[in-house]
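Working notes for the structure below.
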Protein chains: 2
Amino acid sequence: MHKKIADEDLLGEKFLSNISVDIVIFGFHNRQLKILLLRFKNTSLYALPGGFINEEEEDIEEAVERVLTERTGIKDIYLEQFGVFGSKKRAFGATHKHIHESAGKTTELNPWITQRFVTVGYYALVNLKETVPNPDDVSDFCGWIDINEIPTLAFDHKSIIEKALESLRMMLDLKLAVFNLMPESFTMNDLQSLYETILGKKLQRTNFQRKMLSLGILERLDKHWTGGAHKAAYLYRFDKNKYNEMQKEEMNTNKF
Amino acid sequence: MHKKIADEDLLGEKFLSNISVDIVIFGFHNRQLKILLLRFKNTSLYALPGGFINEEEEDIEEAVERVLTERTGIKDIYLEQFGVFGSKKRAFGATHKHIHESAGKTTELNPWITQRFVTVGYYALVNLKETVPNPDDVSDFCGWIDINEIPTLAFDHKSIIEKALESLRMMLDLKLAVFNLMPESFTMNDLQSLYETILGKKLQRTNFQRKMLSLGILERLDKHWTGGAHKAAYLYRFDKNKYNEMQKEEMNTNKF
DNA sequence: TCAAAAGTGTTAGCGCTACACCCATGT
DNA sequence: ACATGGGTGTAGCGCTAACACTTTTGA
């Protein structure tokens, strides 16, 4: 079979060798924590969105932002680097060969892809509703999958996701980045279910409410929610201005 | 000038491209927190110990362990990965050229070294007294330097050290790895000065004592210390067995 | 006897946990 | 009326900061 040389077959010409990035993109919808996964063409193999770093033009983080925009259509996303995966077992030449062949490509023209990669893991927190998932050229599916229903993953992506979740869990009370996952307005119960999913345990409703309100960064909206056979819940909004002010004050007080 | 091809001129043949590791090795002596630095031959440029990853034989961490043993002579060291530095400005070809030429080498035979590197940062916590610092082949000095007297550093190593310190500060109360920096036996005051140096602030003597003792991992030795015009202080020993038991119990209780 | 450093006691305040209580709403 | 979920009050507990007090030692 004869193939033309496509742009992507020249990857190796312009990207850093031996290094890739993989991104665990978290979203939250219907009280479920989800991540964005790709499925390789004509296989049942899923994988994290990822990519390579332009040798002359990109910081690692810029490469991650590029990939994020390619897969989700959005920009200015909360990003956090959570680890590097550099096991010598990370030489997935055979798998890459299989993936490319299933997609109707060949790795022979570009053996670059079959080398050993050290990958840098980032996680991203996005407002799921703003995204438009978009597969890459070796995938036929790109979409949100519940964190509790992760299918079989290629490479070592399963353990990368676990590390990302652990990392997210750790920073939960340190930073308030988790609000990047929420829509414009939400109820306390929504927020609590997000915390519970991330922490993997139930929290006490009444104390959770107080804790969140005491942060001083939630604006209570007059609007109510009308639903079932019970009292209407307030909607809340994350107040970025108050948050920024708090950060400033913290900077000042910590100096002494 | 004609040069023979030395082993190290063939680096590029066997190491991963575009990736390096740099290690911030912390030690503690005379109530001072120190790090191990190298000075390049015939220059006044200092740098962190670092190296590259064997393409076929080494995990990243194994490469780090190899470099650590080469520079300090010891093994089984506490290690923690704290970040990746991947700015596109990290292309230090000119500096590398200068360093190699000052050391009487040339980079012409091995331009590999002048490429752009993404570096993975690790910090190590060692018992300084057990180490025998040992320069590499482009350095004429390898030794311990007080964290408050860091000289001019090559590349972006200054900011790598700052990130390492910040990382160390963060984990101080989460893990108890800091005891890897202490000698076999020590006084409370020694330990307190270590904490104070890492945190960059004074702590209250009496409360620090209680906090440390309440951890339940210090064994009080009967021996006393005889020194100045004051009451003799107890010596303490880090009890690794008690620590391991505690970790086990924590694992069990956290499950529920 | 006095200064310096080591060790212990005591208190107030703060945050977290658990649980009791009241409110609003649809069936 | 009552079940369901939303919102507030409060007592107890543990941790911490702050500081007073005692002990040991050499000058």
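In the structure tokens, the first chain shown is A, the next is B, and so on; residue numbers restart at 1 for each chain, and ligands run from 1 in the order shown.
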Q: Please identify which residues in region 93-225 of chain A DSSP calls strand (DSSP E) from the backbone, and express them as a PyMOL selection string.
A: chain A and resi 118-125+139-146+185-186+218-224
Writing out the chosen residues with N, CA and C atoms as a tab-separated table (two decimals), in the first residue's frame:
```
chain	number	residue	atom	x	y	z
A	118	VAL	N	9.10	9.93	27.58
A	118	VAL	CA	8.84	10.36	28.95
A	118	VAL	C	7.69	11.34	28.84
A	119	THR	N	6.63	11.14	29.63
A	119	THR	CA	5.49	12.02	29.46
A	119	THR	C	5.27	12.88	30.70
A	120	VAL	N	4.88	14.12	30.44
A	120	VAL	CA	4.60	15.05	31.52
A	120	VAL	C	3.09	15.14	31.68
A	121	GLY	N	2.63	14.87	32.89
A	121	GLY	CA	1.19	14.85	33.14
A	121	GLY	C	0.66	16.18	33.65
A	122	TYR	N	-0.39	16.66	33.00
A	122	TYR	CA	-1.09	17.87	33.44
A	122	TYR	C	-2.55	17.50	33.68
A	123	TYR	N	-3.17	18.16	34.64
A	123	TYR	CA	-4.62	18.06	34.63
A	123	TYR	C	-5.22	19.44	34.38
A	124	ALA	N	-6.39	19.44	33.81
A	124	ALA	CA	-7.08	20.68	33.47
A	124	ALA	C	-8.46	20.62	34.07
A	125	LEU	N	-8.96	21.76	34.54
A	125	LEU	CA	-10.30	21.83	35.10
A	125	LEU	C	-11.13	22.75	34.22
A	139	SER	N	-8.11	9.21	15.96
A	139	SER	CA	-9.24	8.85	16.82
A	139	SER	C	-10.55	9.01	16.09
A	140	ASP	N	-11.53	8.19	16.47
A	140	ASP	CA	-12.86	8.37	15.90
A	140	ASP	C	-13.86	8.80	16.96
A	141	PHE	N	-13.37	8.97	18.18
A	141	PHE	CA	-14.26	9.41	19.26
A	141	PHE	C	-13.48	10.29	20.22
A	142	CYS	N	-14.14	11.34	20.68
A	142	CYS	CA	-13.57	12.20	21.72
A	142	CYS	C	-14.74	12.66	22.57
A	143	GLY	N	-14.75	12.27	23.83
A	143	GLY	CA	-15.90	12.65	24.64
A	143	GLY	C	-15.69	12.43	26.13
A	144	TRP	N	-16.72	12.83	26.88
A	144	TRP	CA	-16.65	12.82	28.34
A	144	TRP	C	-17.08	11.47	28.90
A	145	ILE	N	-16.27	10.93	29.77
A	145	ILE	CA	-16.57	9.64	30.36
A	145	ILE	C	-16.48	9.72	31.87
A	146	ASP	N	-17.51	9.19	32.53
A	146	ASP	CA	-17.58	9.23	33.98
A	146	ASP	C	-16.34	8.58	34.59
A	185	SER	N	-23.76	29.24	37.84
A	185	SER	CA	-24.45	29.19	39.13
A	185	SER	C	-24.78	27.74	39.47
A	186	PHE	N	-24.84	27.48	40.77
A	186	PHE	CA	-25.00	26.10	41.21
A	186	PHE	C	-25.53	26.10	42.64
A	218	LEU	N	-18.29	32.97	47.88
A	218	LEU	CA	-19.52	32.60	47.20
A	218	LEU	C	-20.53	33.73	47.31
A	219	GLU	N	-21.10	34.07	46.19
A	219	GLU	CA	-22.14	35.08	46.19
A	219	GLU	C	-23.48	34.35	46.12
A	220	ARG	N	-24.33	34.67	47.08
A	220	ARG	CA	-25.65	34.03	47.07
A	220	ARG	C	-26.56	34.81	46.14
A	221	LEU	N	-27.12	34.12	45.19
A	221	LEU	CA	-28.02	34.78	44.24
A	221	LEU	C	-29.43	34.73	44.79
A	222	ASP	N	-30.21	35.79	44.53
A	222	ASP	CA	-31.58	35.85	45.04
A	222	ASP	C	-32.44	34.73	44.45
A	223	LYS	N	-32.10	34.42	43.21
A	223	LYS	CA	-32.88	33.39	42.53
A	223	LYS	C	-32.96	32.10	43.33
A	224	HIS	N	-34.01	31.41	43.13
A	224	HIS	CA	-34.15	30.12	43.76
A	224	HIS	C	-34.27	29.05	42.69
```
Could you give me, as CSV, a per-residue list for chain D showing, wherever an atom lies at most 7 Å from an atom of chain B, the closest pair of atoms and their distance in Å to one decimal, using only C-alpha atoms (C1' of nucleotides) and sorting by chain then residue number from low to high?
```
residue,atom,partner,partner_atom,distance
D:DT24,C1',B:Lys231,CA,3.8
D:DT25,C1',B:His230,CA,4.1
D:DG26,C1',B:Ala229,CA,4.1
```
Q: Compile the contact shell of Thr95 (chain A) as a PyMOL selection string: residues with an atom at most 9 Å away, counting only C-alpha atoms (C1' of nucleotides), same-chain residues fewer than 2 positions apart removed.
A: chain A and resi 92-93+97-100+114+154-155
I need the chosen residues saved as a short mmCIF file (atom, residue, chain, number, x, y, z; two decimals), in the first residue's frame, with N, CA and C atoms.
```
data_model
loop_
_atom_site.label_atom_id
_atom_site.label_comp_id
_atom_site.auth_asym_id
_atom_site.auth_seq_id
_atom_site.Cartn_x
_atom_site.Cartn_y
_atom_site.Cartn_z
N PHE A 92 6.29 2.24 23.79
CA PHE A 92 5.06 1.64 23.30
C PHE A 92 5.03 1.52 21.78
N GLY A 93 6.19 1.20 21.22
CA GLY A 93 6.32 1.12 19.78
C GLY A 93 5.27 0.23 19.13
N LYS A 97 2.30 1.34 16.59
CA LYS A 97 2.24 0.77 15.25
C LYS A 97 0.81 0.30 14.98
N HIS A 98 0.26 -0.41 15.94
CA HIS A 98 -1.10 -0.95 15.81
C HIS A 98 -2.12 0.17 15.64
N ILE A 99 -2.00 1.22 16.46
CA ILE A 99 -2.93 2.34 16.40
C ILE A 99 -2.88 3.02 15.03
N HIS A 100 -1.66 3.24 14.56
CA HIS A 100 -1.52 3.94 13.28
C HIS A 100 -2.03 3.08 12.13
N THR A 114 7.46 5.72 17.43
CA THR A 114 7.58 4.45 18.15
C THR A 114 8.70 4.45 19.19
N ALA A 154 -5.14 2.71 26.76
CA ALA A 154 -3.85 2.37 26.15
C ALA A 154 -2.71 2.81 27.07
N PHE A 155 -1.55 2.29 26.77
CA PHE A 155 -0.32 2.68 27.48
C PHE A 155 -0.50 2.54 28.99
#
```
**Q.** chain C contacts to chain B at 12 Å (only C-alpha atoms (C1' of nucleotides)) as JSON, numbers by chain
**A.** {"C": [2, 3, 4, 5, 6, 7, 8, 9]}
Could you please take those selected residues and save N, CA and C atoms (P, O5', C5', C4', C3', O3' and C1' of nucleotides) as a short mmCIF file (atom, residue, chain, number, x, y, z; two decimals), in the first residue's frame?
```cif
data_model
loop_
_atom_site.label_atom_id
_atom_site.label_comp_id
_atom_site.auth_asym_id
_atom_site.auth_seq_id
_atom_site.Cartn_x
_atom_site.Cartn_y
_atom_site.Cartn_z
P DC C 2 20.79 38.03 92.31
"O5'" DC C 2 21.22 38.25 90.80
"C5'" DC C 2 22.59 37.97 90.45
"C4'" DC C 2 22.71 37.47 89.02
"C3'" DC C 2 21.42 37.46 88.20
"O3'" DC C 2 21.74 37.86 86.89
"C1'" DC C 2 22.36 35.33 88.18
P DA C 3 20.58 38.46 85.94
"O5'" DA C 3 21.03 37.96 84.50
"C5'" DA C 3 22.43 37.89 84.18
"C4'" DA C 3 22.67 36.74 83.22
"C3'" DA C 3 21.62 36.61 82.11
"O3'" DA C 3 22.29 36.33 80.91
"C1'" DA C 3 21.78 34.58 83.30
P DA C 4 21.46 36.34 79.49
"O5'" DA C 4 21.47 34.81 79.07
"C5'" DA C 4 22.70 34.09 79.03
"C4'" DA C 4 22.39 32.63 78.82
"C3'" DA C 4 21.29 32.38 77.78
"O3'" DA C 4 21.74 31.38 76.89
"C1'" DA C 4 20.79 31.27 79.79
P DA C 5 20.95 31.16 75.46
"O5'" DA C 5 20.37 29.70 75.64
"C5'" DA C 5 21.25 28.62 75.91
"C4'" DA C 5 20.46 27.53 76.55
"C3'" DA C 5 19.26 27.05 75.73
"O3'" DA C 5 19.39 25.66 75.53
"C1'" DA C 5 18.70 27.38 77.99
P DA C 6 18.30 24.73 74.80
"O5'" DA C 6 17.63 24.00 76.04
"C5'" DA C 6 18.44 23.16 76.85
"C4'" DA C 6 17.58 22.40 77.83
"C3'" DA C 6 16.39 21.70 77.18
"O3'" DA C 6 16.31 20.40 77.72
"C1'" DA C 6 15.65 23.20 78.87
P DG C 7 15.30 19.35 77.03
"O5'" DG C 7 14.02 19.52 77.95
"C5'" DG C 7 14.03 18.99 79.27
"C4'" DG C 7 12.83 19.48 80.02
"C3'" DG C 7 11.48 19.05 79.42
"O3'" DG C 7 10.88 18.13 80.32
"C1'" DG C 7 11.48 21.31 80.20
P DT C 8 9.43 17.52 79.99
"O5'" DT C 8 8.44 18.51 80.75
"C5'" DT C 8 8.55 18.64 82.16
"C4'" DT C 8 7.46 19.55 82.69
"C3'" DT C 8 6.04 19.17 82.26
"O3'" DT C 8 5.22 19.18 83.41
"C1'" DT C 8 6.43 21.45 81.83
P DG C 9 3.68 18.68 83.32
"O5'" DG C 9 2.87 19.93 83.85
"C5'" DG C 9 3.55 21.13 84.17
"C4'" DG C 9 2.54 22.21 84.55
"C3'" DG C 9 1.07 21.87 84.33
"O3'" DG C 9 0.31 22.56 85.32
"C1'" DG C 9 1.72 23.62 82.84
#
```
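Using only C-alpha atoms, one finds that the residues of chain A close to chain B, at 9 Å or less, are Leu16, Ser17, Asn18, Ile19, Asn54, Glu55, Glu56, Glu57, Glu58, Asp59, Ile60, Glu61, Gln81, Phe82, Gly83, Val84, Phe85, Gly86, Ser87, Lys88, Lys89, Arg116, Phe117, Val118, Val120, Lys201 and Phe256 of chain A.
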Could the residues in this selection be written to a file with N, CA, C and O atoms, as an mmCIF file, in the first residue's frame?
```cif
data_model
loop_
_atom_site.group_PDB
_atom_site.id
_atom_site.type_symbol
_atom_site.label_atom_id
_atom_site.label_comp_id
_atom_site.auth_asym_id
_atom_site.auth_seq_id
_atom_site.Cartn_x
_atom_site.Cartn_y
_atom_site.Cartn_z
ATOM 1 N N LEU A 16 10.218 17.985 20.035
ATOM 2 C CA LEU A 16 11.244 17.440 20.917
ATOM 3 C C LEU A 16 11.126 15.920 20.940
ATOM 4 O O LEU A 16 10.028 15.372 20.965
ATOM 5 N N SER A 17 12.262 15.253 20.961
ATOM 6 C CA SER A 17 12.264 13.793 21.007
ATOM 7 C C SER A 17 12.025 13.294 22.419
ATOM 8 O O SER A 17 12.350 13.976 23.391
ATOM 9 N N ASN A 18 11.516 12.113 22.507
ATOM 10 C CA ASN A 18 11.432 11.399 23.789
ATOM 11 C C ASN A 18 10.530 12.038 24.833
ATOM 12 O O ASN A 18 10.470 11.604 25.966
ATOM 13 N N ILE A 19 9.854 13.139 24.453
ATOM 14 C CA ILE A 19 8.986 13.799 25.425
ATOM 15 C C ILE A 19 7.586 13.973 24.868
ATOM 16 O O ILE A 19 7.415 14.424 23.739
ATOM 17 N N ASN A 54 6.663 21.554 20.422
ATOM 18 C CA ASN A 54 7.392 22.174 19.311
ATOM 19 C C ASN A 54 8.771 22.614 19.774
ATOM 20 O O ASN A 54 8.924 23.331 20.761
ATOM 21 N N GLU A 55 9.751 22.177 19.042
ATOM 22 C CA GLU A 55 11.134 22.318 19.478
ATOM 23 C C GLU A 55 11.575 23.773 19.647
ATOM 24 O O GLU A 55 12.371 24.103 20.515
ATOM 25 N N GLU A 56 11.060 24.644 18.787
ATOM 26 C CA GLU A 56 11.585 26.009 18.797
ATOM 27 C C GLU A 56 10.609 27.033 19.337
ATOM 28 O O GLU A 56 10.994 28.129 19.723
ATOM 29 N N GLU A 57 9.324 26.685 19.342
ATOM 30 C CA GLU A 57 8.337 27.716 19.630
ATOM 31 C C GLU A 57 7.599 27.573 20.943
ATOM 32 O O GLU A 57 6.967 28.522 21.401
ATOM 33 N N GLU A 58 7.636 26.381 21.540
ATOM 34 C CA GLU A 58 6.729 26.155 22.652
ATOM 35 C C GLU A 58 7.397 25.820 23.974
ATOM 36 O O GLU A 58 8.272 24.959 24.044
ATOM 37 N N ASP A 59 6.926 26.485 25.057
ATOM 38 C CA ASP A 59 7.138 25.976 26.401
ATOM 39 C C ASP A 59 6.275 24.727 26.521
ATOM 40 O O ASP A 59 5.320 24.559 25.762
ATOM 41 N N ILE A 60 6.573 23.894 27.511
ATOM 42 C CA ILE A 60 5.725 22.709 27.693
ATOM 43 C C ILE A 60 4.277 23.140 27.857
ATOM 44 O O ILE A 60 3.366 22.610 27.236
ATOM 45 N N GLU A 61 4.083 24.132 28.709
ATOM 46 C CA GLU A 61 2.724 24.550 29.019
ATOM 47 C C GLU A 61 1.992 25.080 27.782
ATOM 48 O O GLU A 61 0.780 24.893 27.645
ATOM 49 N N GLN A 81 0.479 20.948 36.605
ATOM 50 C CA GLN A 81 1.380 19.841 36.318
ATOM 51 C C GLN A 81 1.419 18.933 37.534
ATOM 52 O O GLN A 81 1.595 19.400 38.653
ATOM 53 N N PHE A 82 1.228 17.656 37.350
ATOM 54 C CA PHE A 82 1.176 16.800 38.538
ATOM 55 C C PHE A 82 2.189 15.674 38.551
ATOM 56 O O PHE A 82 2.267 14.923 39.525
ATOM 57 N N GLY A 83 2.982 15.532 37.516
ATOM 58 C CA GLY A 83 3.989 14.489 37.594
ATOM 59 C C GLY A 83 4.582 14.114 36.264
ATOM 60 O O GLY A 83 4.050 14.461 35.206
ATOM 61 N N VAL A 84 5.675 13.404 36.336
ATOM 62 C CA VAL A 84 6.351 12.936 35.139
ATOM 63 C C VAL A 84 6.400 11.424 35.192
ATOM 64 O O VAL A 84 6.639 10.852 36.249
ATOM 65 N N PHE A 85 6.143 10.813 34.058
ATOM 66 C CA PHE A 85 6.131 9.360 34.004
ATOM 67 C C PHE A 85 7.253 8.901 33.094
ATOM 68 O O PHE A 85 7.200 9.094 31.884
ATOM 69 N N GLY A 86 8.276 8.311 33.686
ATOM 70 C CA GLY A 86 9.500 8.064 32.937
ATOM 71 C C GLY A 86 10.018 6.652 33.059
ATOM 72 O O GLY A 86 11.214 6.420 32.931
ATOM 73 N N SER A 87 9.107 5.718 33.291
ATOM 74 C CA SER A 87 9.554 4.327 33.393
ATOM 75 C C SER A 87 10.167 3.859 32.077
ATOM 76 O O SER A 87 9.751 4.258 30.995
ATOM 77 N N LYS A 88 11.165 3.020 32.181
ATOM 78 C CA LYS A 88 11.796 2.503 30.954
ATOM 79 C C LYS A 88 10.828 1.591 30.202
ATOM 80 O O LYS A 88 11.030 1.285 29.046
ATOM 81 N N LYS A 89 9.764 1.182 30.893
ATOM 82 C CA LYS A 89 8.765 0.350 30.219
ATOM 83 C C LYS A 89 7.888 1.181 29.285
ATOM 84 O O LYS A 89 7.076 0.656 28.533
ATOM 85 N N ARG A 116 10.816 5.616 22.733
ATOM 86 C CA ARG A 116 10.443 5.722 24.144
ATOM 87 C C ARG A 116 10.112 7.170 24.481
ATOM 88 O O ARG A 116 10.850 8.074 24.136
ATOM 89 N N PHE A 117 8.985 7.372 25.178
ATOM 90 C CA PHE A 117 8.610 8.717 25.598
ATOM 91 C C PHE A 117 8.533 8.843 27.114
ATOM 92 O O PHE A 117 7.988 7.971 27.789
ATOM 93 N N VAL A 118 9.097 9.935 27.577
ATOM 94 C CA VAL A 118 8.842 10.359 28.951
ATOM 95 C C VAL A 118 7.688 11.336 28.843
ATOM 96 O O VAL A 118 7.736 12.257 28.033
ATOM 97 N N VAL A 120 4.880 14.123 30.441
ATOM 98 C CA VAL A 120 4.602 15.053 31.520
ATOM 99 C C VAL A 120 3.095 15.135 31.683
ATOM 100 O O VAL A 120 2.374 15.404 30.726
ATOM 101 N N LYS A 201 -15.683 10.197 49.360
ATOM 102 C CA LYS A 201 -16.407 9.892 50.600
ATOM 103 C C LYS A 201 -17.518 10.919 50.818
ATOM 104 O O LYS A 201 -17.494 12.009 50.259
ATOM 105 N N PHE A 256 4.578 38.359 57.268
ATOM 106 C CA PHE A 256 5.049 38.598 58.627
ATOM 107 C C PHE A 256 4.789 37.429 59.583
ATOM 108 O O PHE A 256 4.566 36.328 59.140
#
```
Q: Report as a PyMOL selection string: the residues of region 6-183 of chain A with a DSSP assignment of alpha helix (DSSP H), based on the backbone of this structure.
A: chain A and resi 11-14+60-72+93-102+157-171
Generate a file of the selected residues that holds N, CA and C atoms, formatted as a compact mmCIF listing (two decimals), in the first residue's frame.
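Written file, part.txt:
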```
# COMPACT_ATOMS: atom_id res chain seq x y z
N LEU A 11 6.21 14.71 11.98
CA LEU A 11 6.24 15.10 13.39
C LEU A 11 7.65 15.24 13.93
N GLY A 12 8.40 14.21 13.71
CA GLY A 12 9.73 14.13 14.30
C GLY A 12 10.64 15.26 13.90
N GLU A 13 10.30 15.90 12.81
CA GLU A 13 11.14 16.98 12.29
C GLU A 13 11.12 18.22 13.18
N LYS A 14 9.99 18.42 13.86
CA LYS A 14 9.89 19.69 14.56
C LYS A 14 9.58 19.59 16.05
N ILE A 60 6.57 23.89 27.51
CA ILE A 60 5.72 22.71 27.69
C ILE A 60 4.28 23.14 27.86
N GLU A 61 4.08 24.13 28.71
CA GLU A 61 2.72 24.55 29.02
C GLU A 61 1.99 25.08 27.78
N GLU A 62 2.73 25.71 26.90
CA GLU A 62 2.12 26.19 25.67
C GLU A 62 1.67 25.03 24.79
N ALA A 63 2.46 23.98 24.79
CA ALA A 63 2.07 22.80 24.02
C ALA A 63 0.79 22.20 24.60
N VAL A 64 0.72 22.17 25.93
CA VAL A 64 -0.47 21.63 26.59
C VAL A 64 -1.69 22.48 26.24
N GLU A 65 -1.51 23.80 26.26
CA GLU A 65 -2.63 24.69 25.93
C GLU A 65 -3.10 24.49 24.49
N ARG A 66 -2.14 24.27 23.60
CA ARG A 66 -2.50 24.02 22.21
C ARG A 66 -3.35 22.76 22.09
N VAL A 67 -2.87 21.68 22.71
CA VAL A 67 -3.61 20.42 22.64
C VAL A 67 -5.00 20.58 23.26
N LEU A 68 -5.07 21.29 24.36
CA LEU A 68 -6.35 21.50 25.03
C LEU A 68 -7.33 22.22 24.12
N THR A 69 -6.84 23.23 23.45
CA THR A 69 -7.73 23.97 22.55
C THR A 69 -8.15 23.11 21.37
N GLU A 70 -7.21 22.32 20.87
CA GLU A 70 -7.55 21.43 19.75
C GLU A 70 -8.65 20.44 20.13
N ARG A 71 -8.60 19.94 21.36
CA ARG A 71 -9.56 18.90 21.75
C ARG A 71 -10.88 19.43 22.30
N THR A 72 -10.85 20.64 22.85
CA THR A 72 -12.06 21.14 23.53
C THR A 72 -12.61 22.42 22.92
N GLY A 93 6.19 1.20 21.22
CA GLY A 93 6.32 1.12 19.78
C GLY A 93 5.27 0.23 19.13
N ALA A 94 5.09 -0.96 19.68
CA ALA A 94 4.16 -1.91 19.08
C ALA A 94 2.74 -1.36 19.10
N THR A 95 2.35 -0.79 20.24
CA THR A 95 1.00 -0.23 20.34
C THR A 95 0.80 0.91 19.35
N HIS A 96 1.80 1.79 19.26
CA HIS A 96 1.69 2.90 18.32
C HIS A 96 1.55 2.39 16.88
N LYS A 97 2.30 1.34 16.59
CA LYS A 97 2.24 0.77 15.25
C LYS A 97 0.81 0.30 14.98
N HIS A 98 0.26 -0.41 15.94
CA HIS A 98 -1.10 -0.95 15.81
C HIS A 98 -2.12 0.17 15.64
N ILE A 99 -2.00 1.22 16.46
CA ILE A 99 -2.93 2.34 16.40
C ILE A 99 -2.88 3.02 15.03
N HIS A 100 -1.66 3.24 14.56
CA HIS A 100 -1.52 3.94 13.28
C HIS A 100 -2.03 3.08 12.13
N GLU A 101 -1.76 1.80 12.21
CA GLU A 101 -2.23 0.93 11.13
C GLU A 101 -3.75 0.81 11.13
N SER A 102 -4.35 0.77 12.33
CA SER A 102 -5.81 0.73 12.42
C SER A 102 -6.43 2.00 11.85
N HIS A 157 -2.00 4.91 30.75
CA HIS A 157 -2.85 6.06 31.03
C HIS A 157 -3.76 5.87 32.24
N LYS A 158 -4.05 4.62 32.56
CA LYS A 158 -4.86 4.36 33.76
C LYS A 158 -4.16 4.90 35.01
N SER A 159 -2.89 4.62 35.13
CA SER A 159 -2.19 5.04 36.34
C SER A 159 -1.94 6.55 36.33
N ILE A 160 -1.87 7.12 35.13
CA ILE A 160 -1.72 8.58 35.04
C ILE A 160 -2.98 9.25 35.57
N ILE A 161 -4.12 8.70 35.22
CA ILE A 161 -5.38 9.27 35.71
C ILE A 161 -5.48 9.16 37.23
N GLU A 162 -5.05 8.03 37.74
CA GLU A 162 -5.11 7.84 39.20
C GLU A 162 -4.24 8.88 39.92
N LYS A 163 -3.07 9.10 39.35
CA LYS A 163 -2.17 10.10 39.95
C LYS A 163 -2.77 11.49 39.87
N ALA A 164 -3.44 11.78 38.77
CA ALA A 164 -4.07 13.09 38.61
C ALA A 164 -5.16 13.29 39.64
N LEU A 165 -5.96 12.26 39.85
CA LEU A 165 -7.04 12.34 40.82
C LEU A 165 -6.50 12.56 42.23
N GLU A 166 -5.44 11.84 42.52
CA GLU A 166 -4.82 11.98 43.84
C GLU A 166 -4.32 13.40 44.04
N SER A 167 -3.75 13.93 42.99
CA SER A 167 -3.22 15.28 43.02
C SER A 167 -4.33 16.31 43.23
N LEU A 168 -5.41 16.08 42.53
CA LEU A 168 -6.58 16.95 42.65
C LEU A 168 -7.12 16.92 44.07
N ARG A 169 -7.16 15.73 44.63
CA ARG A 169 -7.63 15.53 45.99
C ARG A 169 -6.79 16.32 46.98
N MET A 170 -5.49 16.27 46.75
CA MET A 170 -4.54 16.94 47.65
C MET A 170 -4.75 18.45 47.68
N MET A 171 -4.97 19.02 46.51
CA MET A 171 -5.01 20.48 46.45
C MET A 171 -6.40 21.03 46.72
```
Q.
Would you compute the distance between CA of Lys248 (chain A) and CA of Leu176 (chain A)? Give it in Å to one decimal.
A. 14.4 Å
Q.
Calculated over only C-alpha atoms (C1' of nucleotides), which of the candidates A:Ala177, A:Ser214, A:Leu45, A:Glu245 has the smallest distance to DG15 (chain C)?
A. A:Ser214
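Pairwise distance (C1' of DC19 (chain C), C1' of DG12 (chain D)) equals 11.4 Å.
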(Q) My list of candidates is B:Glu249, B:Leu191, B:Val138, B:Phe179. Which is closest to Tyr46 (chain B) when distances are computed with only C-alpha atoms? (A)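 The shortest atom-to-atom distance to Tyr46 (chain B) comes from B:Val138.
Interatomic distance, C1' of DG9 (chain D) against C1' of DC21 (chain C): 7.8 Å.
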